[in-house]
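Trainee: See model-v3.txt below, with compact mmCIF, C-alpha atoms.
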# COMPACT_ATOMS: atom_id res chain seq x y z
CA MET T 13 -17.69 -9.82 29.08
CA LEU T 14 -19.05 -11.36 25.88
CA SER T 15 -21.03 -8.23 25.03
CA LYS T 16 -17.86 -6.17 25.27
CA HIS T 17 -16.08 -8.68 23.04
CA TYR T 18 -18.74 -8.89 20.33
CA LEU T 19 -20.30 -5.42 20.29
CA SER T 20 -18.91 -2.08 19.21
CA ALA T 21 -17.65 0.13 22.02
CA GLU T 22 -20.80 2.27 21.86
CA ALA T 23 -23.20 -0.70 21.83
CA ALA T 24 -21.25 -2.39 24.65
CA GLY T 25 -21.49 0.82 26.67
CA ILE T 26 -25.24 1.01 26.18
CA TYR T 27 -25.56 -2.66 27.13
CA ALA T 28 -23.44 -2.12 30.26
CA ALA T 29 -25.40 0.97 31.31
CA ALA T 30 -28.72 -0.84 30.95
CA SER T 31 -27.31 -3.77 32.90
CA VAL T 32 -26.23 -1.55 35.77
CA LEU T 33 -29.64 0.17 35.94
CA GLY T 34 -31.43 -3.18 35.80
CA ARG T 35 -29.48 -4.53 38.77
CA VAL T 36 -31.84 -2.79 41.19
CA VAL T 37 -34.24 -5.70 40.71
CA TYR T 38 -31.52 -8.26 41.35
CA PHE T 39 -30.21 -6.59 44.51
CA LEU T 40 -33.70 -6.30 45.99
CA GLY T 41 -34.15 -10.00 45.26
CA LEU T 42 -30.89 -10.82 47.03
CA THR T 43 -32.19 -9.08 50.12
CA ILE T 44 -35.33 -11.23 50.10
CA SER T 45 -33.29 -14.42 49.67
CA GLN T 46 -30.91 -13.46 52.47
CA VAL T 47 -33.81 -12.97 54.86
CA MET T 48 -35.40 -16.26 53.74
CA PHE T 49 -32.29 -18.43 54.14
CA PRO T 50 -31.88 -18.59 57.94
CA GLU T 51 -35.62 -18.94 58.51
CA VAL T 52 -35.95 -21.89 56.13
CA ALA T 53 -32.72 -23.50 57.35
CA THR T 54 -33.89 -23.31 60.96
CA LEU T 55 -37.36 -24.66 60.22
CA HIS T 56 -36.00 -27.43 57.99
CA ALA T 57 -33.47 -28.48 60.65
CA LYS T 58 -36.30 -28.76 63.18
CA ASP T 59 -38.37 -30.73 60.65
CA GLU T 60 -41.02 -28.01 60.83
CA PRO T 61 -43.07 -26.53 57.99
CA HIS T 62 -40.99 -24.18 55.84
CA TYR T 63 -42.51 -24.03 52.35
CA HIS T 64 -44.72 -21.11 53.37
CA VAL T 65 -41.58 -19.01 53.91
CA VAL T 66 -40.29 -19.86 50.43
CA ASP T 67 -43.69 -19.24 48.87
CA LEU T 68 -44.01 -15.85 50.56
CA SER T 69 -40.46 -14.90 49.57
CA LEU T 70 -41.11 -15.94 45.98
CA ALA T 71 -44.36 -13.96 45.86
CA LEU T 72 -42.66 -10.86 47.27
CA LEU T 73 -39.76 -11.19 44.86
CA ALA T 74 -42.09 -11.71 41.88
CA ALA T 75 -44.09 -8.62 42.86
CA VAL T 76 -40.92 -6.51 43.08
CA ALA T 77 -39.55 -7.85 39.79
CA VAL T 78 -42.81 -7.40 37.90
CA GLY T 79 -43.40 -3.96 39.43
CA LEU T 80 -39.96 -2.65 38.54
CA THR T 81 -40.09 -4.19 35.07
CA ILE T 82 -43.39 -2.39 34.46
CA VAL T 83 -41.95 0.91 35.73
CA TYR T 84 -38.88 0.47 33.51
CA ALA T 85 -41.14 -0.28 30.52
CA LEU T 86 -43.74 2.46 31.02
CA VAL T 87 -41.66 5.34 32.38
CA PRO T 88 -37.99 4.76 31.51
CA GLY T 89 -37.46 8.52 31.54
CA ILE T 90 -37.89 8.58 35.31
CA VAL T 91 -35.22 5.92 35.72
CA LEU T 92 -32.86 7.80 33.40
CA LEU T 93 -33.64 11.30 34.68
CA PRO T 94 -30.56 11.56 36.93
CA TYR T 95 -28.27 10.53 34.06
CA GLY T 96 -29.33 13.01 31.40
CA ALA T 97 -29.91 12.77 27.67
CA ALA T 98 -26.69 10.85 27.06
CA PHE T 99 -28.42 7.75 28.45
CA ASN T 100 -31.46 7.90 26.13
CA PRO T 101 -30.11 5.03 23.95
CA VAL T 102 -30.47 2.80 27.03
CA ARG T 103 -34.28 3.18 27.17
CA PRO T 104 -35.30 0.16 25.06
CA TYR T 105 -33.08 -2.14 27.10
CA LEU T 106 -34.22 -1.14 30.59
CA TRP T 107 -37.29 -3.35 30.93
CA PRO T 108 -35.70 -6.44 29.32
CA PHE T 109 -32.76 -6.10 31.69
CA ALA T 110 -35.11 -5.67 34.64
CA LEU T 111 -36.94 -8.82 33.52
CA ALA T 112 -33.70 -10.78 33.03
CA LEU T 113 -32.31 -9.72 36.38
CA GLY T 114 -35.66 -10.38 38.06
CA LEU T 115 -35.48 -13.92 36.69
CA LEU T 116 -31.90 -14.17 37.91
CA ALA T 117 -33.07 -13.08 41.36
CA ILE T 118 -35.65 -15.89 41.24
CA VAL T 119 -32.88 -18.32 40.29
CA ASN T 120 -30.94 -17.05 43.29
CA LEU T 121 -33.95 -17.52 45.55
CA PHE T 122 -34.40 -21.15 44.47
CA THR T 123 -30.66 -21.75 44.82
CA THR T 124 -30.69 -20.20 48.28
CA TYR T 125 -33.66 -22.36 49.22
CA LEU T 126 -31.89 -25.53 48.10
CA LEU T 127 -28.75 -24.53 50.02
CA SER T 128 -30.84 -23.85 53.12
CA ILE T 129 -32.06 -27.45 53.10
CA GLY T 130 -28.59 -28.83 52.39
CA SER T 131 -29.09 -29.65 48.71
CA ALA T 132 -26.81 -28.84 45.79
CA ARG T 133 -29.19 -30.10 43.10
CA PHE T 134 -29.15 -26.67 41.51
CA ALA T 135 -25.53 -27.14 40.36
CA VAL T 136 -26.21 -29.18 37.22
CA PRO T 137 -28.89 -26.85 35.80
CA LEU T 138 -26.78 -23.83 36.73
CA ILE T 139 -23.65 -25.13 35.02
CA GLY T 140 -25.74 -26.19 32.01
CA ALA T 141 -27.30 -22.73 31.76
CA CYS T 142 -23.88 -21.07 31.89
CA ALA T 143 -22.62 -23.27 29.06
CA ILE T 144 -25.77 -22.76 26.99
CA GLU T 145 -25.78 -19.00 27.50
CA THR T 146 -22.14 -18.76 26.45
CA ALA T 147 -22.80 -20.87 23.35
CA LEU T 148 -25.90 -18.89 22.40
CA ILE T 149 -24.15 -15.54 22.76
CA THR T 150 -21.18 -16.85 20.79
CA ILE T 151 -23.56 -17.76 17.96
CA PHE T 152 -26.10 -14.90 18.25
CA HIS T 153 -24.34 -11.61 18.99
CA GLY T 154 -25.37 -9.28 16.18
CA SER T 155 -26.65 -6.56 18.50
CA ALA T 156 -27.12 -5.70 22.14
CA ALA T 157 -30.78 -6.67 21.78
CA GLN T 158 -29.86 -10.10 20.42
CA ILE T 159 -27.40 -10.76 23.24
CA LEU T 160 -30.04 -9.67 25.74
CA GLU T 161 -32.52 -12.08 24.12
CA MET T 162 -30.05 -14.95 24.66
CA VAL T 163 -29.62 -13.93 28.30
CA LEU T 164 -33.40 -13.76 28.79
CA LEU T 165 -33.89 -17.14 27.13
CA THR T 166 -31.23 -18.83 29.23
CA VAL T 167 -32.11 -17.24 32.57
CA GLY T 168 -35.80 -17.88 31.92
CA ALA T 169 -35.13 -21.56 31.22
CA LEU T 170 -32.96 -21.84 34.32
CA ALA T 171 -35.61 -20.17 36.50
CA ALA T 172 -38.24 -22.53 35.07
CA SER T 173 -36.10 -25.62 35.70
CA LEU T 174 -35.31 -24.62 39.29
CA GLY T 175 -38.96 -23.70 39.80
CA ALA T 176 -39.92 -27.15 38.58
CA MET T 177 -37.43 -28.70 41.02
CA TYR T 178 -38.98 -26.71 43.85
CA ALA T 179 -42.53 -27.59 42.76
CA PHE T 180 -41.61 -31.27 42.53
CA GLU T 181 -40.18 -31.22 46.04
CA ARG T 182 -43.07 -29.12 47.35
CA LEU T 183 -45.78 -31.30 45.86
CA LEU T 184 -44.19 -34.74 45.98
CA PRO T 185 -46.26 -37.01 48.24
CA GLY T 186 -44.40 -37.90 51.39
CA ARG T 187 -42.19 -34.82 51.22
CA GLY T 188 -45.11 -32.42 51.55
CA ARG T 189 -45.15 -32.83 55.32
CA HIS T 190 -43.38 -29.45 55.55
CA ALA T 191 -46.14 -27.57 53.78
The structure in this file should be written as structure tokens.
Mentor:
Amino acid sequence: MLSKHYLSAEAAGIYAAASVLGRVVYFLGLTISQVMFPEVATLHAKDEPHYHVVDLSLALLAAVAVGLTIVYALVPGIVLLPYGAAFNPVRPYLWPFALALGLLAIVNLFTTYLLSIGSARFAVPLIGACAIETALITIFHGSAAQILEMVLLTVGALAASLGAMYAFERLLPGRGRHA
């Protein structure tokens, strides 16, 4: 929404096209999280080990996100082949969008994990990230690349903060009985 507001129609169109093509990473990540949720919830409810399920899900998601980001960076022409030459301006934005949406998929995985154990601790960092991202884009919106940089910065920080929350819970003595 903000990109459409701040960018020219052409730049907003390029940004939107790259965003749509980058969503493949996010939707694959959603699938992983949806499979993880009931398994972790069941194990947690039985007070059985569950971190291995989260760790495996995170590793699989990271592999998918990194793999697709590399493909988008090294061979963007293959991704754009079905769309023709009109989509060539999208090329430089494909891999950053794949990275941003891969990070968003990781955020979703950590959020799903916390929901599966009955915790809403993700809410404060999530709301904070939304506010920060909006402020950053409002200030730095000179180009599609600059807006994408603000998205990457914010989503990366959110993924790191939720990852730290997970690591703290995972490694905290006394709570590690579920390892």
Trainee: How far is it from atom CA of T:Gln158 to atom CA of T:Ala176, in Å with one decimal?
Mentor: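 Computing it gives 26.9 Å between the two atoms.
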Trainee: Calculate how many Å separate atom CA of T:Val102 from atom CA of T:Val76, rounding to one decimal.
Mentor: 21.3 Å
Trainee: Work out how far atom CA of T:Ala30 is from atom CA of T:Pro88, in Å to one decimal.
Mentor: 10.8 Å
Trainee: Find the residue from T:Leu106, T:Val83, T:Leu126, T:Ala117 that sits nearest to T:Met177; use all atoms listed in the file when measuring.
Mentor: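 For T:Met177, the nearest of the candidates is T:Leu126.
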Trainee: Name the residues in contact with T:Ala74 at a cut-off of 8 Å, using only C-alpha atoms, excluding same-chain residues fewer than 3 positions from it; report them as a CSV table (one decimal) with C-alpha atoms, in the frame of the given file.
Mentor:
chain,number,residue,atom,x,y,z
T,70,LEU,CA,-41.1,-15.9,46.0
T,71,ALA,CA,-44.4,-14.0,45.9
T,77,ALA,CA,-39.6,-7.8,39.8
T,78,VAL,CA,-42.8,-7.4,37.9
T,114,GLY,CA,-35.7,-10.4,38.1
T,118,ILE,CA,-35.6,-15.9,41.2
